[in-house]
Structure formats: C-alpha cells, structure tokens
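J.: Questions regarding the structure given below will be posed in turn.
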Amino acid sequence: MAQQTIVITGASDGIGAAAAHQLTENGHKVIVVGRSAQKTAAVARAIDAPFHVADFADLTQVRHLADELTASCPRIDVLANNAGGIFGDREVTVDGYEKTFQVNHLAPFLLTHLLLPTLIESNAKVIQTSSIGARIFGNIDIDDLQNEKKYSPKKAYGDAKLENILFTKELHRRYFAHGITAVAFHPGNIASNFAHQSKGLFRFVYNNPVTRLMLSSTPKGGAALSWLADGTPGTTWRPGEYYENKKIAKTSPQAGDMTLALQLWDRSAILAGL
C-alpha cells in the first residue's frame, strides 16, 4: 500500500500509541496527538513522528489543533478519532459540557468538522474508536445528552460510544459521495489506562492486577485500528458500519436510528459552535 498520512488522537498511550508504532512500521507517516505533552512527545520520538498536544476537555484546544493540522498537513489520508475515556463523578468542562460527552464525542465531532476540507480533498478514511459499551450501557435521550437527569459513569460512557457510531453513520450519509469513508470499531477490552480516572467496576477491572490478566493487550487493540487504517474501504471493510474482531457487529438498536443520528449531528453542531 502507498504511504498514507495518518492522524491518531489519543496516541500518547494505549491502543493509539500501539497503532502509531504499527502503522509507522508499515511505512506510513503518522502524526501523534495526545493530551500529555511529555507522553505524546515520547511516543512521537520513538517513531520519529511529528506530534501535537491538545486536551479534548477544552474545545479551544481542539480548534487550535485543527488549525495546526490544516497548516502542516496538506493531505490527511486517515483521521483516527481515538481519544476518549471513562470518568468518575459527573464533571463539567471549561466549555460547560459533561466531560465524558465532550471528550468522547463532541471534541472529535468538532475536529472532524474543522478538518472536512482537507479530508474531502484527501478522500480520507475517518475511524471512530467506539466500544461494546454502546450496546451494554448506551441509551441516549436526545434531550438529555449530558446526562443531567440520569448520570452514572457507565451510562455516560455507553452513550458516548453509541454517539461515536451514530456520528459515523451520519458522516457516511452526508459525505460518502464526497469521498470520505467512515467506520467505527470496538478495539476489545484492553489492558490500558483509559479508565484510571473512573471508579467502581471499571476502575477495578482495568486497574486490578488479577482482572487485567483477562484483558487483551494494547498491541492487539492497536492492530484493530491499524487494520482499518491500512485497509481499503469497500474491500477490506464496509463504510458506515461498526466492527468488532474485523467483522460487522450488532450494537445498540439506537445505532440504526437515522433520525436520532441526524438529531445528534444537528445538536452537536450547535453545542460546538458550528
């Protein structure tokens, strides 16, 4: 395959860092994006890649990131929206939005929108790191996107991962004819640090030395992302779908609700100031 320019968010650790290493080894130009300046720089240095720092809990930083990428990348073949996490008590960001919703959905929605001219020109692939949590915990109330009425860490996370799939489907509907191919996937239950800010069951499973033995490795999760980035849409995988273990998978029934997908897109655009 010809060399691609691949932007990976959430690449300072976990499956994002693993995929960055794998895709570099496959001959691609990877651009590393992360929240921690020190960790992001370390990953970039190890693979001799450029990097950018942005905290998705601050939409001003997301806008600056989009400006930096637009200025430095005349072409983006793959945008991997991989940044995310599950958190503890309900927390509101500097932008006034529930943190899980913003970091997992609203920030990548904004970044993708701001990069659309470059993505369209590049016939880009847009990859969303979703989760099986969409099916297990997701239940979106379009009038309560920030879970002010029924907040729990697992519900907020499940909703956000379901929003990743709905965003993928609506992005596909709107922009497939313009050359963008969108896909969402579950990387597996990975032994990473993504739940270190959470509490309860998630924190126990992902931080307990015994239960972590039952989780998959970060290279395996990274390989799921790399497979999509390396693959050919329409041949390797089908645009507009959600994948688990390299196969189209069932998820929440709400993921097939295209009216909900449209409503989510429109409300996200308003919240992101677009």
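Residue numbers start at 1 in each chain; chains themselves are named A, B, ... in the order of the structure tokens; ligands are numbered from 1 in the order shown.
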Give me the residues near Ala182 of chain A as a list in words, where near means some atom within 6 Å (using only C-alpha atoms) and where sequence neighbours in that chain fewer than 3 positions away do not count.
T.: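 Close residues of Ala182 of chain A: Lys125, Val126, Ile127, Thr168, His172, Pro239 and Gly240 of chain A.
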J.: Enumerate, as a list in words, the complete set of residues in segment 100-263 of chain A that a backbone-based DSSP assignment places in strand (DSSP E or B).
T.: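 The residues of segment 100-263 of chain A classed as strand (DSSP E or B) are Lys125, Val126, Ile127, Gln128, Thr129, Thr181, Ala182, Val183, Ala184, Phe185, His186, Ile190, Ser216, Pro233, Trp237, Tyr242, Tyr243, Glu244, Lys247 and Ile248 of chain A.
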J.: Considering only C-alpha atoms, return as an MDAnalysis selection string whatever protein or nucleic-acid residues lie within 10 Å of segment 55-67 of chain A, sequence-local ones (same chain, fewer than 3 positions apart) excluded.
T.: chainID A and resid 9:10 33:37 52 70:73 83:84 92:108 110:115 272:273
J.: Closest to Gly27 of chain A among A:Leu69, A:Ile8, A:Ala42, A:Ala49, using only C-alpha atoms?
T.: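 Checking each of A:Leu69, A:Ile8, A:Ala42, A:Ala49 against Gly27 of chain A, counting only C-alpha atoms, the winner is A:Ala49.
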J.: With only C-alpha atoms as the atoms that count, which of A:Ala20, A:Asn26, A:Thr232, A:Ala261 lies nearest to Ala46 of chain A?
T.: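 When distances to Ala46 of chain A are compared using only C-alpha atoms, the smallest one comes from A:Ala20.
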J.: Write out as a compact mmCIF listing (two decimals) with N, CA and C atoms, in the first residue's frame the residues lying within 12 Å of segment 1-6 of chain A, counting only C-alpha atoms and excluding same-chain residues fewer than 6 positions away.
T.:
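Here's the written file part_26.txt:
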```txt
# COMPACT_ATOMS: atom_id res chain seq x y z
N GLY A 16 -3.83 3.74 20.91
CA GLY A 16 -3.39 4.78 19.99
C GLY A 16 -1.90 4.75 19.79
N ALA A 19 -1.00 1.54 17.83
CA ALA A 19 -1.29 1.68 16.40
C ALA A 19 -0.30 2.61 15.72
N ALA A 20 0.13 3.66 16.42
CA ALA A 20 1.11 4.58 15.85
C ALA A 20 2.40 3.84 15.51
N HIS A 21 2.85 2.97 16.41
CA HIS A 21 4.06 2.16 16.17
C HIS A 21 3.83 1.22 14.99
N GLN A 22 2.70 0.54 14.99
CA GLN A 22 2.42 -0.46 13.95
C GLN A 22 2.33 0.18 12.57
N LEU A 23 1.63 1.29 12.48
CA LEU A 23 1.43 1.93 11.18
C LEU A 23 2.71 2.57 10.67
N THR A 24 3.55 3.04 11.58
CA THR A 24 4.86 3.54 11.17
C THR A 24 5.70 2.41 10.60
N GLU A 25 5.67 1.27 11.27
CA GLU A 25 6.41 0.10 10.78
C GLU A 25 5.89 -0.35 9.41
N ASN A 26 4.61 -0.08 9.14
CA ASN A 26 4.02 -0.44 7.85
C ASN A 26 4.34 0.57 6.75
N GLY A 27 5.11 1.59 7.12
CA GLY A 27 5.58 2.54 6.12
C GLY A 27 4.77 3.82 6.00
N HIS A 28 3.85 4.06 6.92
CA HIS A 28 3.02 5.25 6.84
C HIS A 28 3.61 6.41 7.66
N LYS A 29 3.19 7.61 7.32
CA LYS A 29 3.56 8.79 8.09
C LYS A 29 2.48 9.03 9.14
N VAL A 30 2.84 8.89 10.38
CA VAL A 30 1.89 9.02 11.48
C VAL A 30 2.09 10.34 12.19
N ILE A 31 1.00 11.00 12.51
CA ILE A 31 1.03 12.23 13.30
C ILE A 31 0.35 11.93 14.63
N VAL A 32 1.09 12.10 15.69
CA VAL A 32 0.65 11.70 17.03
C VAL A 32 -0.01 12.88 17.73
N VAL A 33 -1.20 12.65 18.27
CA VAL A 33 -1.92 13.67 19.03
C VAL A 33 -2.25 13.10 20.41
N ALA A 49 8.17 10.81 14.63
CA ALA A 49 6.95 11.37 14.04
C ALA A 49 6.68 12.77 14.60
N PRO A 50 5.98 13.62 13.87
CA PRO A 50 5.53 14.89 14.43
C PRO A 50 4.41 14.66 15.43
N PHE A 51 4.21 15.63 16.31
CA PHE A 51 3.14 15.46 17.29
C PHE A 51 2.50 16.80 17.62
N LEU A 69 -3.12 21.29 12.30
CA LEU A 69 -3.14 20.19 11.34
C LEU A 69 -3.41 20.69 9.92
N SER A 72 -0.17 22.24 8.66
CA SER A 72 1.00 21.36 8.49
C SER A 72 0.74 20.14 7.62
N CYS A 73 -0.54 19.85 7.36
CA CYS A 73 -0.88 18.62 6.62
C CYS A 73 -1.73 18.96 5.40
N PRO A 74 -1.11 19.15 4.25
CA PRO A 74 -1.91 19.39 3.05
C PRO A 74 -2.77 18.18 2.67
N ARG A 75 -2.40 17.02 3.21
CA ARG A 75 -3.15 15.80 2.95
C ARG A 75 -3.29 15.01 4.25
N ILE A 76 -4.50 14.51 4.53
CA ILE A 76 -4.73 13.59 5.64
C ILE A 76 -5.50 12.40 5.07
N ASP A 77 -4.85 11.26 4.98
CA ASP A 77 -5.49 10.08 4.41
C ASP A 77 -6.36 9.35 5.42
N VAL A 78 -5.97 9.44 6.69
CA VAL A 78 -6.73 8.77 7.76
C VAL A 78 -6.79 9.69 8.97
N LEU A 79 -7.98 9.91 9.48
CA LEU A 79 -8.16 10.57 10.78
C LEU A 79 -8.73 9.52 11.72
N ALA A 80 -7.95 9.13 12.71
CA ALA A 80 -8.40 8.16 13.70
C ALA A 80 -8.79 8.90 14.97
N ASN A 81 -10.09 9.05 15.17
CA ASN A 81 -10.61 9.70 16.38
C ASN A 81 -10.62 8.67 17.51
N THR A 118 -9.86 19.38 4.15
CA THR A 118 -8.69 18.54 3.90
C THR A 118 -9.08 17.08 3.73
N LEU A 119 -10.00 16.61 4.56
CA LEU A 119 -10.43 15.22 4.49
C LEU A 119 -11.12 14.91 3.16
N SER A 122 -8.64 14.77 0.39
CA SER A 122 -7.77 13.59 0.51
C SER A 122 -8.50 12.27 0.32
N ASN A 123 -9.83 12.30 0.12
CA ASN A 123 -10.62 11.07 0.10
C ASN A 123 -10.30 10.23 1.34
N ALA A 124 -10.41 10.85 2.48
CA ALA A 124 -9.91 10.28 3.72
C ALA A 124 -10.81 9.21 4.32
N LYS A 125 -10.18 8.37 5.12
CA LYS A 125 -10.89 7.45 6.00
C LYS A 125 -10.98 8.09 7.39
N VAL A 126 -12.16 8.08 7.98
CA VAL A 126 -12.36 8.59 9.33
C VAL A 126 -12.78 7.43 10.22
N ILE A 127 -11.96 7.14 11.21
CA ILE A 127 -12.14 5.98 12.08
C ILE A 127 -12.51 6.44 13.48
N LEU A 225 -7.24 -1.08 15.11
CA LEU A 225 -7.24 0.24 14.48
C LEU A 225 -6.38 0.23 13.22
N SER A 226 -5.22 -0.39 13.31
CA SER A 226 -4.29 -0.44 12.17
C SER A 226 -4.92 -1.17 10.98
N LEU A 228 -8.03 -1.24 10.07
CA LEU A 228 -8.93 -0.32 9.39
C LEU A 228 -8.16 0.77 8.64
N ALA A 229 -7.12 1.32 9.28
CA ALA A 229 -6.33 2.37 8.64
C ALA A 229 -5.61 1.86 7.41
N ASP A 230 -5.08 0.65 7.49
CA ASP A 230 -4.36 0.03 6.37
C ASP A 230 -5.29 -0.47 5.28
N GLY A 231 -6.55 -0.76 5.65
CA GLY A 231 -7.47 -1.43 4.75
C GLY A 231 -8.04 -0.53 3.67
N THR A 232 -8.67 -1.18 2.69
CA THR A 232 -9.31 -0.49 1.58
C THR A 232 -10.82 -0.49 1.78
```
J.: Measuring between only C-alpha atoms, which one of A:Asp89, A:Arg173, A:Ile120, A:Thr218 shows the shortest distance to Lys155 of chain A?
T.: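 Once distances to Lys155 of chain A are computed over only C-alpha atoms, the minimum belongs to A:Asp89.
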J.: Find, counting only C-alpha atoms, the residue in A:Arg174, A:Lys149, A:Arg238, A:Lys247 that gets nearest to Pro187 of chain A.
T.: A:Lys247
J.: Based on the backbone DSSP call, show me all residues of segment 19-116 of chain A assigned alpha helix (DSSP H), as a ChimeraX atom specification.
T.: /A:19-25,37-47,59-72,99-101,107-114,116
